[in-house]
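Q: Input model-v3.cif, format and content: mmCIF, C-alpha atoms and all ligand atoms.
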data_target
#
loop_
_atom_site.group_PDB
_atom_site.id
_atom_site.type_symbol
_atom_site.label_atom_id
_atom_site.label_comp_id
_atom_site.auth_asym_id
_atom_site.auth_seq_id
_atom_site.Cartn_x
_atom_site.Cartn_y
_atom_site.Cartn_z
ATOM 1 C CA MET A 78 69.389 229.617 230.485
ATOM 2 C CA THR A 79 72.788 231.256 230.145
ATOM 3 C CA THR A 80 76.089 229.438 230.217
ATOM 4 C CA GLY A 81 79.410 230.301 231.840
ATOM 5 C CA ILE A 82 82.917 228.976 231.283
ATOM 6 C CA GLU A 83 84.968 227.157 233.908
ATOM 7 C CA PHE A 84 88.716 226.627 233.740
ATOM 8 C CA ASP A 85 89.763 223.853 236.059
ATOM 9 C CA GLY A 86 93.510 223.481 236.650
ATOM 10 C CA VAL A 87 94.330 224.622 233.112
ATOM 11 C CA THR A 88 97.980 224.786 232.106
ATOM 12 C CA HIS A 89 99.068 225.498 228.545
ATOM 13 C CA ARG A 90 102.602 225.892 227.228
ATOM 14 C CA PHE A 91 104.079 226.987 223.938
ATOM 15 C CA GLY A 92 107.536 225.410 223.916
ATOM 16 C CA SER A 93 109.320 226.766 226.975
ATOM 17 C CA THR A 94 106.707 229.531 227.537
ATOM 18 C CA THR A 95 104.013 228.795 230.082
ATOM 19 C CA ALA A 96 101.093 230.817 228.713
ATOM 20 C CA LEU A 97 98.652 229.612 231.395
ATOM 21 C CA ASP A 98 99.710 228.128 234.692
ATOM 22 C CA SER A 99 97.202 226.050 236.738
ATOM 23 C CA VAL A 100 94.308 228.391 236.067
ATOM 24 C CA ASP A 101 91.129 227.901 238.094
ATOM 25 C CA LEU A 102 88.577 230.435 236.959
ATOM 26 C CA THR A 103 84.844 230.769 236.496
ATOM 27 C CA ILE A 104 83.473 233.228 233.959
ATOM 28 C CA ARG A 105 80.024 233.868 235.384
ATOM 29 C CA PRO A 106 77.081 233.059 233.127
ATOM 30 C CA GLY A 107 75.008 235.954 231.849
ATOM 31 C CA VAL A 108 77.582 238.591 232.785
ATOM 32 C CA ILE A 109 79.878 240.867 230.762
ATOM 33 C CA THR A 110 83.414 240.174 231.974
ATOM 34 C CA GLY A 111 86.522 242.210 231.209
ATOM 35 C CA LEU A 112 89.708 240.227 230.650
ATOM 36 C CA VAL A 113 92.710 242.418 231.352
ATOM 37 C CA GLY A 114 96.445 242.011 231.697
ATOM 38 C CA ARG A 115 99.701 243.210 230.238
ATOM 39 C CA ASN A 116 101.171 242.115 226.923
ATOM 40 C CA GLY A 117 101.811 238.394 226.829
ATOM 41 C CA ALA A 118 99.806 237.803 230.027
ATOM 42 C CA GLY A 119 97.761 234.913 228.614
ATOM 43 C CA LYS A 120 94.458 236.594 227.674
ATOM 44 C CA SER A 121 94.310 235.332 224.095
ATOM 45 C CA THR A 122 95.338 231.861 225.207
ATOM 46 C CA LEU A 123 92.439 231.867 227.693
ATOM 47 C CA CYS A 124 90.056 232.967 224.935
ATOM 48 C CA ARG A 125 91.310 230.355 222.475
ATOM 49 C CA LEU A 126 90.954 227.581 225.046
ATOM 50 C CA GLY A 127 87.532 228.960 226.014
ATOM 51 C CA ALA A 128 86.423 228.556 222.406
ATOM 52 C CA ALA A 129 88.046 225.125 221.957
ATOM 53 C CA LEU A 130 90.428 226.443 219.303
ATOM 54 C CA MET A 131 93.069 224.513 221.189
ATOM 55 C CA ARG A 132 92.913 221.595 223.582
ATOM 56 C CA PRO A 133 94.293 222.405 227.055
ATOM 57 C CA GLN A 134 97.449 220.406 227.712
ATOM 58 C CA HIS A 135 96.478 219.987 231.372
ATOM 59 C CA GLY A 136 93.149 220.554 233.091
ATOM 60 C CA THR A 137 89.653 220.991 231.702
ATOM 61 C CA VAL A 138 87.601 223.801 230.216
ATOM 62 C CA ARG A 139 83.867 223.396 230.784
ATOM 63 C CA LEU A 140 80.888 225.157 229.331
ATOM 64 C CA GLY A 141 77.870 225.031 231.612
ATOM 65 C CA GLY A 142 79.533 222.099 233.384
ATOM 66 C CA ARG A 143 80.233 220.062 230.205
ATOM 67 C CA PRO A 144 83.842 219.465 229.100
ATOM 68 C CA LEU A 145 84.150 221.697 226.054
ATOM 69 C CA TRP A 146 86.732 219.856 223.971
ATOM 70 C CA GLU A 147 84.742 216.608 223.874
ATOM 71 C CA ASP A 148 81.411 218.248 223.117
ATOM 72 C CA PRO A 149 80.774 219.670 219.603
ATOM 73 C CA ASP A 150 77.338 220.939 220.691
ATOM 74 C CA ALA A 151 78.954 222.993 223.425
ATOM 75 C CA VAL A 152 81.605 224.328 221.038
ATOM 76 C CA ALA A 153 78.857 225.560 218.716
ATOM 77 C CA GLN A 154 77.569 227.758 221.544
ATOM 78 C CA VAL A 155 80.787 229.775 221.687
ATOM 79 C CA CYS A 156 81.729 232.595 219.348
ATOM 80 C CA LEU A 157 85.303 233.862 219.513
ATOM 81 C CA MET A 158 86.164 236.930 217.479
ATOM 82 C CA ARG A 159 89.769 238.106 217.412
ATOM 83 C CA ASP A 160 91.550 241.050 215.846
ATOM 84 C CA ARG A 161 93.276 238.652 213.481
ATOM 85 C CA GLY A 162 93.298 235.109 212.241
ATOM 86 C CA SER A 163 89.558 234.595 211.924
ATOM 87 C CA GLY A 164 89.825 233.540 208.284
ATOM 88 C CA LEU A 165 87.816 236.536 207.041
ATOM 89 C CA GLU A 166 90.544 237.608 204.693
ATOM 90 C CA ASN A 167 90.192 234.639 202.349
ATOM 91 C CA LEU A 168 86.421 234.757 201.863
ATOM 92 C CA THR A 169 83.870 237.020 200.267
ATOM 93 C CA LEU A 170 81.476 238.795 202.594
ATOM 94 C CA ARG A 171 78.638 236.710 201.150
ATOM 95 C CA SER A 172 80.452 233.475 202.087
ATOM 96 C CA VAL A 173 81.247 234.756 205.567
ATOM 97 C CA VAL A 174 77.592 235.590 206.170
ATOM 98 C CA GLY A 175 76.518 232.264 204.653
ATOM 99 C CA LEU A 176 78.727 230.388 207.108
ATOM 100 C CA HIS A 177 77.273 232.310 210.038
ATOM 101 C CA ARG A 178 73.730 231.687 208.820
ATOM 102 C CA THR A 179 74.484 227.966 208.669
ATOM 103 C CA PHE A 180 76.412 227.477 211.880
ATOM 104 C CA ARG A 181 74.895 230.051 214.243
ATOM 105 C CA PRO A 182 71.358 228.977 215.144
ATOM 106 C CA GLN A 183 70.550 232.364 216.725
ATOM 107 C CA TRP A 184 71.977 234.355 213.791
ATOM 108 C CA ASP A 185 70.165 237.680 213.390
ATOM 109 C CA GLU A 186 70.529 239.036 209.870
ATOM 110 C CA GLN A 187 68.754 242.307 210.630
ATOM 111 C CA THR A 188 71.142 243.100 213.459
ATOM 112 C CA PHE A 189 74.088 242.264 211.221
ATOM 113 C CA GLU A 190 72.909 244.555 208.432
ATOM 114 C CA ARG A 191 72.038 247.365 210.834
ATOM 115 C CA LEU A 192 75.513 247.191 212.400
ATOM 116 C CA LEU A 193 77.219 247.268 208.993
ATOM 117 C CA ARG A 194 75.227 250.413 208.191
ATOM 118 C CA ARG A 195 75.930 252.063 211.542
ATOM 119 C CA PHE A 196 79.684 251.423 211.297
ATOM 120 C CA ASP A 197 79.681 252.356 207.624
ATOM 121 C CA VAL A 198 81.158 249.061 206.428
ATOM 122 C CA PRO A 199 80.817 248.687 202.642
ATOM 123 C CA ASP A 200 79.072 245.396 201.920
ATOM 124 C CA HIS A 201 80.290 245.086 198.322
ATOM 125 C CA LYS A 202 83.997 244.729 199.190
ATOM 126 C CA TRP A 203 86.012 241.657 200.078
ATOM 127 C CA PRO A 204 86.832 241.725 203.808
ATOM 128 C CA SER A 205 90.540 241.781 202.866
ATOM 129 C CA ARG A 206 89.981 245.123 201.081
ATOM 130 C CA LEU A 207 88.378 246.831 204.080
ATOM 131 C CA SER A 208 90.273 249.299 206.250
ATOM 132 C CA THR A 209 91.504 248.078 209.635
ATOM 133 C CA GLY A 210 88.616 249.741 211.455
ATOM 134 C CA GLN A 211 86.029 248.532 208.949
ATOM 135 C CA ARG A 212 87.300 244.978 209.403
ATOM 136 C CA SER A 213 87.027 245.385 213.193
ATOM 137 C CA ALA A 214 83.450 246.605 212.751
ATOM 138 C CA LEU A 215 82.662 243.654 210.488
ATOM 139 C CA ARG A 216 83.968 241.233 213.125
ATOM 140 C CA ILE A 217 81.896 242.975 215.796
ATOM 141 C CA ALA A 218 78.774 242.807 213.630
ATOM 142 C CA LEU A 219 79.357 239.090 213.010
ATOM 143 C CA ALA A 220 79.942 238.394 216.701
ATOM 144 C CA LEU A 221 76.929 240.312 218.005
ATOM 145 C CA ALA A 222 74.570 239.020 215.309
ATOM 146 C CA SER A 223 75.664 235.446 216.082
ATOM 147 C CA ARG A 224 73.987 235.746 219.524
ATOM 148 C CA ALA A 225 76.032 232.806 220.783
ATOM 149 C CA GLU A 226 75.530 231.708 224.386
ATOM 150 C CA VAL A 227 79.118 232.758 225.015
ATOM 151 C CA THR A 228 80.765 235.573 223.031
ATOM 152 C CA LEU A 229 84.496 236.145 223.412
ATOM 153 C CA LEU A 230 85.746 239.421 221.946
ATOM 154 C CA ASP A 231 89.534 239.370 222.000
ATOM 155 C CA GLU A 232 90.850 242.882 221.311
ATOM 156 C CA VAL A 233 88.364 243.007 218.493
ATOM 157 C CA HIS A 234 87.659 246.740 218.813
ATOM 158 C CA LEU A 235 91.280 247.931 218.814
ATOM 159 C CA GLY A 236 91.124 249.087 215.201
ATOM 160 C CA LEU A 237 88.075 251.299 215.757
ATOM 161 C CA ASP A 238 88.348 255.071 216.064
ATOM 162 C CA ALA A 239 87.172 256.749 219.290
ATOM 163 C CA VAL A 240 83.657 257.460 218.007
ATOM 164 C CA ALA A 241 83.178 253.948 216.645
ATOM 165 C CA ARG A 242 84.468 252.495 219.937
ATOM 166 C CA ARG A 243 81.788 254.429 221.771
ATOM 167 C CA TRP A 244 79.181 252.958 219.395
ATOM 168 C CA PHE A 245 80.713 249.537 219.985
ATOM 169 C CA TYR A 246 80.205 249.797 223.750
ATOM 170 C CA GLU A 247 76.650 251.081 223.202
ATOM 171 C CA GLU A 248 75.868 248.208 220.855
ATOM 172 C CA VAL A 249 77.326 245.554 223.160
ATOM 173 C CA LEU A 250 75.285 246.868 226.101
ATOM 174 C CA ALA A 251 72.086 247.266 224.078
ATOM 175 C CA ASP A 252 72.338 243.790 222.555
ATOM 176 C CA TYR A 253 73.231 242.266 225.924
ATOM 177 C CA THR A 254 70.239 243.975 227.540
ATOM 178 C CA ARG A 255 67.890 242.597 224.878
ATOM 179 C CA HIS A 256 69.545 239.160 224.783
ATOM 180 C CA PRO A 257 71.385 238.560 228.076
ATOM 181 C CA ARG A 258 74.277 236.150 227.645
ATOM 182 C CA THR A 259 77.896 235.621 228.622
ATOM 183 C CA ILE A 260 80.240 238.138 227.012
ATOM 184 C CA VAL A 261 83.992 238.446 227.562
ATOM 185 C CA LEU A 262 85.818 241.591 226.465
ATOM 186 C CA SER A 263 89.581 241.238 226.360
ATOM 187 C CA SER A 264 91.127 244.684 226.132
ATOM 188 C CA HIS A 265 93.915 247.062 227.077
ATOM 189 C CA LEU A 266 91.477 250.003 227.057
ATOM 190 C CA LEU A 267 90.716 249.610 230.742
ATOM 191 C CA GLU A 268 89.081 252.980 231.389
ATOM 192 C CA GLU A 269 86.711 252.337 228.497
ATOM 193 C CA ILE A 270 85.667 248.792 229.308
ATOM 194 C CA GLU A 271 85.285 249.690 232.983
ATOM 195 C CA GLN A 272 82.044 251.429 231.966
ATOM 196 C CA VAL A 273 80.645 248.263 230.406
ATOM 197 C CA VAL A 274 81.821 245.221 232.342
ATOM 198 C CA GLU A 275 80.352 243.828 235.541
ATOM 199 C CA ASP A 276 83.167 241.394 236.356
ATOM 200 C CA VAL A 277 86.887 241.615 235.727
ATOM 201 C CA VAL A 278 89.659 239.036 235.491
ATOM 202 C CA VAL A 279 93.285 240.166 235.853
ATOM 203 C CA VAL A 280 95.788 237.802 234.214
ATOM 204 C CA HIS A 281 99.530 238.077 234.656
ATOM 205 C CA ARG A 282 102.201 235.705 233.437
ATOM 206 C CA GLY A 283 99.664 232.957 232.976
ATOM 207 C CA ARG A 284 98.099 233.268 236.421
ATOM 208 C CA ILE A 285 94.885 234.852 237.625
ATOM 209 C CA LEU A 286 95.791 237.620 240.066
ATOM 210 C CA ALA A 287 92.263 238.896 240.697
ATOM 211 C CA SER A 288 88.733 238.134 239.597
ATOM 212 C CA GLY A 289 85.237 239.081 240.619
ATOM 213 C CA ASP A 290 82.853 241.967 240.259
ATOM 214 C CA VAL A 291 84.643 245.163 239.307
ATOM 215 C CA ASP A 292 83.814 247.203 242.409
ATOM 216 C CA THR A 293 84.888 244.417 244.753
ATOM 217 C CA VAL A 294 88.209 243.982 242.928
ATOM 218 C CA ARG A 295 88.758 247.755 242.985
ATOM 219 C CA ALA A 296 87.859 247.959 246.698
ATOM 220 C CA GLU A 297 90.291 245.148 247.491
ATOM 221 C CA HIS A 298 93.099 247.253 246.004
ATOM 222 C CA ALA A 299 92.138 250.647 247.432
ATOM 223 C CA VAL A 300 94.996 252.485 249.097
ATOM 224 C CA GLY A 301 93.499 255.786 250.282
ATOM 225 C CA ALA A 302 90.035 257.258 249.992
ATOM 226 C CA GLY A 303 88.053 256.394 246.855
ATOM 227 C CA LEU A 304 88.215 253.392 244.608
ATOM 228 C CA PRO A 305 91.225 252.896 242.329
ATOM 229 C CA SER A 306 90.637 252.603 238.604
ATOM 230 C CA LEU A 307 91.207 249.286 236.851
ATOM 231 C CA THR A 308 94.477 250.714 235.522
ATOM 232 C CA ASP A 309 95.554 251.448 239.126
ATOM 233 C CA VAL A 310 94.646 247.880 240.072
ATOM 234 C CA LEU A 311 96.625 246.458 237.153
ATOM 235 C CA VAL A 312 99.641 248.629 237.981
ATOM 236 C CA SER A 313 99.581 247.699 241.654
ATOM 237 C CA LEU A 314 99.357 243.997 240.817
ATOM 238 C CA THR A 315 101.873 243.787 238.007
ATOM 239 C CA ASP A 316 104.309 246.710 237.965
ATOM 240 C CA THR A 317 107.487 244.871 238.888
ATOM 241 C CA ARG A 318 110.914 246.442 238.539
ATOM 242 C CA THR A 319 114.382 245.088 238.998
ATOM 243 C CA ASP A 320 116.423 246.242 241.988
ATOM 244 C CA PRO A 321 119.879 247.025 240.518
ATOM 245 C CA GLN A 322 121.572 246.138 243.837
ATOM 246 C CA THR A 323 120.190 242.632 244.089
ATOM 247 C CA ASP A 324 119.012 242.046 240.493
ATOM 248 C CA THR A 325 115.696 240.805 241.884
ATOM 249 C CA GLU A 326 112.195 241.977 241.039
ATOM 250 C CA VAL A 327 110.450 244.400 243.377
ATOM 251 C CA THR A 328 106.770 245.358 243.399
ATOM 252 C CA PRO A 329 106.088 248.986 244.402
HETATM 253 N N1 LIG A 401 101.440 230.244 219.063
HETATM 254 C C1 LIG A 401 102.327 230.580 219.995
HETATM 255 N N2 LIG A 401 103.610 230.154 219.928
HETATM 256 C C2 LIG A 401 104.505 230.478 220.874
HETATM 257 N N3 LIG A 401 104.237 231.252 221.939
HETATM 258 C C3 LIG A 401 102.970 231.733 222.049
HETATM 259 C C4 LIG A 401 101.958 231.418 221.087
HETATM 260 N N4 LIG A 401 100.811 232.023 221.462
HETATM 261 C C5 LIG A 401 101.098 232.686 222.602
HETATM 262 N N5 LIG A 401 102.386 232.500 222.954
HETATM 263 C C6 LIG A 401 103.035 233.043 224.156
HETATM 264 O O1 LIG A 401 102.194 232.780 225.265
HETATM 265 C C7 LIG A 401 102.181 233.899 226.151
HETATM 266 C C8 LIG A 401 100.740 234.366 226.297
HETATM 267 O O2 LIG A 401 100.330 234.923 225.053
HETATM 268 P P1 LIG A 401 98.877 235.510 224.815
HETATM 269 O O3 LIG A 401 98.765 235.792 223.354
HETATM 270 O O4 LIG A 401 97.884 234.622 225.437
HETATM 271 O O5 LIG A 401 98.967 236.872 225.665
HETATM 272 P P2 LIG A 401 98.002 238.155 225.662
HETATM 273 O O6 LIG A 401 97.695 238.440 227.102
HETATM 274 O O7 LIG A 401 96.842 237.931 224.771
HETATM 275 O O8 LIG A 401 98.990 239.255 225.098
HETATM 276 P P3 LIG A 401 98.715 240.645 224.294
HETATM 277 O O9 LIG A 401 97.964 241.550 225.212
HETATM 278 O O10 LIG A 401 100.115 241.139 224.042
HETATM 279 O O11 LIG A 401 97.976 240.311 223.036
HETATM 280 C C9 LIG A 401 103.115 234.927 225.559
HETATM 281 O O12 LIG A 401 104.365 234.796 226.211
HETATM 282 C C10 LIG A 401 103.209 234.543 224.095
HETATM 283 O O13 LIG A 401 104.461 234.903 223.557
#
Take the structure I supplied and represent it as structure tokens, if you would.

A:
Amino acid sequence: MTTGIEFDGVTHRFGSTTALDSVDLTIRPGVITGLVGRNGAGKSTLCRLGAALMRPQHGTVRLGGRPLWEDPDAVAQVCLMRDRGSGLENLTLRSVVGLHRTFRPQWDEQTFERLLRRFDVPDHKWPSRLSTGQRSALRIALALASRAEVTLLDEVHLGLDAVARRWFYEEVLADYTRHPRTIVLSSHLLEEIEQVVEDVVVVHRGRILASGDVDTVRAEHAVGAGLPSLTDVLVSLTDTRTDPQTDTEVTP
């Protein structure tokens, strides 16, 4: 059985910044969801709360209906991989793999080793000595081989070159097809993830402006003939400018 994530009235602030504002959202179980939004929209905050890295200040995050923060078993079902701050830098590769072997019950060593080979990641170096793209590939290999019920990939592929990004999308789809589960891809590369995701969530200034299956969200924002791209949708929802006459924001 696959598990989804529910955010129920979640508000989270950092000082005077409201990163998430009364968010009600369901990430459907067993689906690949794209999490999109402009810089500072709240995507990483959603991911961190979805992996219980932080406790929501208001509201509840649930995994398969169970409050996540209070439930260590549920937390163990979530794998969040980010482009930074995952602690890789201070460990040897052997220790990193050892931790995954211990704490990820579905850990698949063969998949991990195959992905390191495909992305040409040297396995004799400390993660801190890898290039940016090699470190991204290592994180991707760790996340996919973990086979967690819920996998959150927060901008994890940004360091990859164009060819490696194509492999990344192939690998995510292939692994998902063999082992269907809930995967969230947070990314600014909208045209690329559009090929891979089934659902999309648009976040802006801590609020959810649109969510649902990609074609429905695109159809809801169609202007003329044909469906707009996800970039068009994001622009139409968030491109605010200031009117110099009134000093107020206008949306085109
Ligand atoms: N640790 C923190 N301390 C203070 N403010 C923070 C912290 N983390 C996030 N914020 C603020 O919360 C808001 C949401 O940030 P978040 O990182 O979730 O956005 P994002 O959508 O992931 O952005 P980006 O696409 O630029 O990575 C931003 O205004 C950010 O400055």

Q: Applied to this file, what does the PyMOL selection byres (((chain A and resi 219-236) around 6) and not hetatm) return in terms of residues, put as a list in words?

A: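 Applying the PyMOL selection byres (((chain A and resi 219-236) around 6) and not hetatm) to the structure shown produces Gln154, Val155, Cys156, Leu157, Met158, Arg159, Asp160, Arg181, Gln183, Trp184, Asp185, Thr188, Phe189, Thr209, Gly210, Ser213, Arg216, Ile217, Ala218, Leu237, Arg258, Thr259, Ile260, Val261, Leu262, Ser263 and Ser264 of chain A.
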
Q: Can you list, as a list in words, every protein, DNA or RNA residue that comes within 8 Å of Ile104 in chain A when you count all atoms listed in the file, leaving out same-chain residues fewer than 5 positions away?

A: Gly81, Ile82, Glu83 and Thr110 of chain A

Q: Can I get the residues of chain A within 9 Å of ligand LIG 401 (chain A), each with the closest pair of atoms and their distance in Å to one decimal, using all atoms listed in the file, sorted chain first then ascending number, as a tab-separated table?

A:
residue	atom	partner	partner_atom	distance
A:His89	CA	A:LIG401	O1	8.6
A:Arg90	CA	A:LIG401	O1	7.2
A:Phe91	CA	A:LIG401	C2	4.7
A:Gly92	CA	A:LIG401	C2	6.6
A:Ser93	CA	A:LIG401	N3	8.4
A:Thr94	CA	A:LIG401	O12	5.9
A:Thr95	CA	A:LIG401	O1	6.5
A:Ala96	CA	A:LIG401	O1	4.1
A:Leu97	CA	A:LIG401	C8	7.3
A:Leu112	CA	A:LIG401	O6	8.9
A:Val113	CA	A:LIG401	O6	7.7
A:Gly114	CA	A:LIG401	O6	6.0
A:Arg115	CA	A:LIG401	O9	5.6
A:Asn116	CA	A:LIG401	O10	3.2
A:Gly117	CA	A:LIG401	O8	3.4
A:Ala118	CA	A:LIG401	O6	3.7
A:Gly119	CA	A:LIG401	O4	3.2
A:Lys120	CA	A:LIG401	O6	3.8
A:Ser121	CA	A:LIG401	O7	3.7
A:Thr122	CA	A:LIG401	O4	3.8
A:Leu123	CA	A:LIG401	O4	6.5
A:Cys124	CA	A:LIG401	O4	8.0
A:Arg125	CA	A:LIG401	O4	8.4
A:Asp231	CA	A:LIG401	O7	7.9
A:Glu232	CA	A:LIG401	O11	7.8
A:Ser263	CA	A:LIG401	O7	8.1
A:Ser264	CA	A:LIG401	O9	7.6
A:His265	CA	A:LIG401	O9	7.1
A:Val280	CA	A:LIG401	O6	7.4
A:His281	CA	A:LIG401	O6	7.8
A:Arg282	CA	A:LIG401	C8	7.4
A:Gly283	CA	A:LIG401	C8	6.9

Q: Output C-alpha atoms of each residue in that selection to a file, as a short mmCIF file (atom, residue, chain, number, x, y, z; two decimals), in the frame of the given file.

A:
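part34.cif was written with the following content:
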data_model
loop_
_atom_site.label_atom_id
_atom_site.label_comp_id
_atom_site.auth_asym_id
_atom_site.auth_seq_id
_atom_site.Cartn_x
_atom_site.Cartn_y
_atom_site.Cartn_z
CA HIS A 89 99.07 225.50 228.54
CA ARG A 90 102.60 225.89 227.23
CA PHE A 91 104.08 226.99 223.94
CA GLY A 92 107.54 225.41 223.92
CA SER A 93 109.32 226.77 226.98
CA THR A 94 106.71 229.53 227.54
CA THR A 95 104.01 228.80 230.08
CA ALA A 96 101.09 230.82 228.71
CA LEU A 97 98.65 229.61 231.40
CA LEU A 112 89.71 240.23 230.65
CA VAL A 113 92.71 242.42 231.35
CA GLY A 114 96.44 242.01 231.70
CA ARG A 115 99.70 243.21 230.24
CA ASN A 116 101.17 242.12 226.92
CA GLY A 117 101.81 238.39 226.83
CA ALA A 118 99.81 237.80 230.03
CA GLY A 119 97.76 234.91 228.61
CA LYS A 120 94.46 236.59 227.67
CA SER A 121 94.31 235.33 224.10
CA THR A 122 95.34 231.86 225.21
CA LEU A 123 92.44 231.87 227.69
CA CYS A 124 90.06 232.97 224.94
CA ARG A 125 91.31 230.36 222.48
CA ASP A 231 89.53 239.37 222.00
CA GLU A 232 90.85 242.88 221.31
CA SER A 263 89.58 241.24 226.36
CA SER A 264 91.13 244.68 226.13
CA HIS A 265 93.92 247.06 227.08
CA VAL A 280 95.79 237.80 234.21
CA HIS A 281 99.53 238.08 234.66
CA ARG A 282 102.20 235.70 233.44
CA GLY A 283 99.66 232.96 232.98
#

Q: Distance CA of Phe180 in chain A-CA of Met131 in chain A, one decimal place?

A: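 Computing the Euclidean distance for CA of Phe180 in chain A and CA of Met131 in chain A yields 19.3 Å.
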
Q: Could you work out how far CA of Glu190 in chain A lies from CA of Gln211 in chain A, giving the answer in Å with one decimal?

A: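 Pair CA of Gln211 in chain A / CA of Glu190 in chain A returns 13.7 Å.
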
Q: Report the distance between CA of Thr315 in chain A and CA of Leu286 in chain A in Å, rounded to one decimal place.

A: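 So the two atoms, CA of Thr315 in chain A and CA of Leu286 in chain A, lie 8.9 Å apart.
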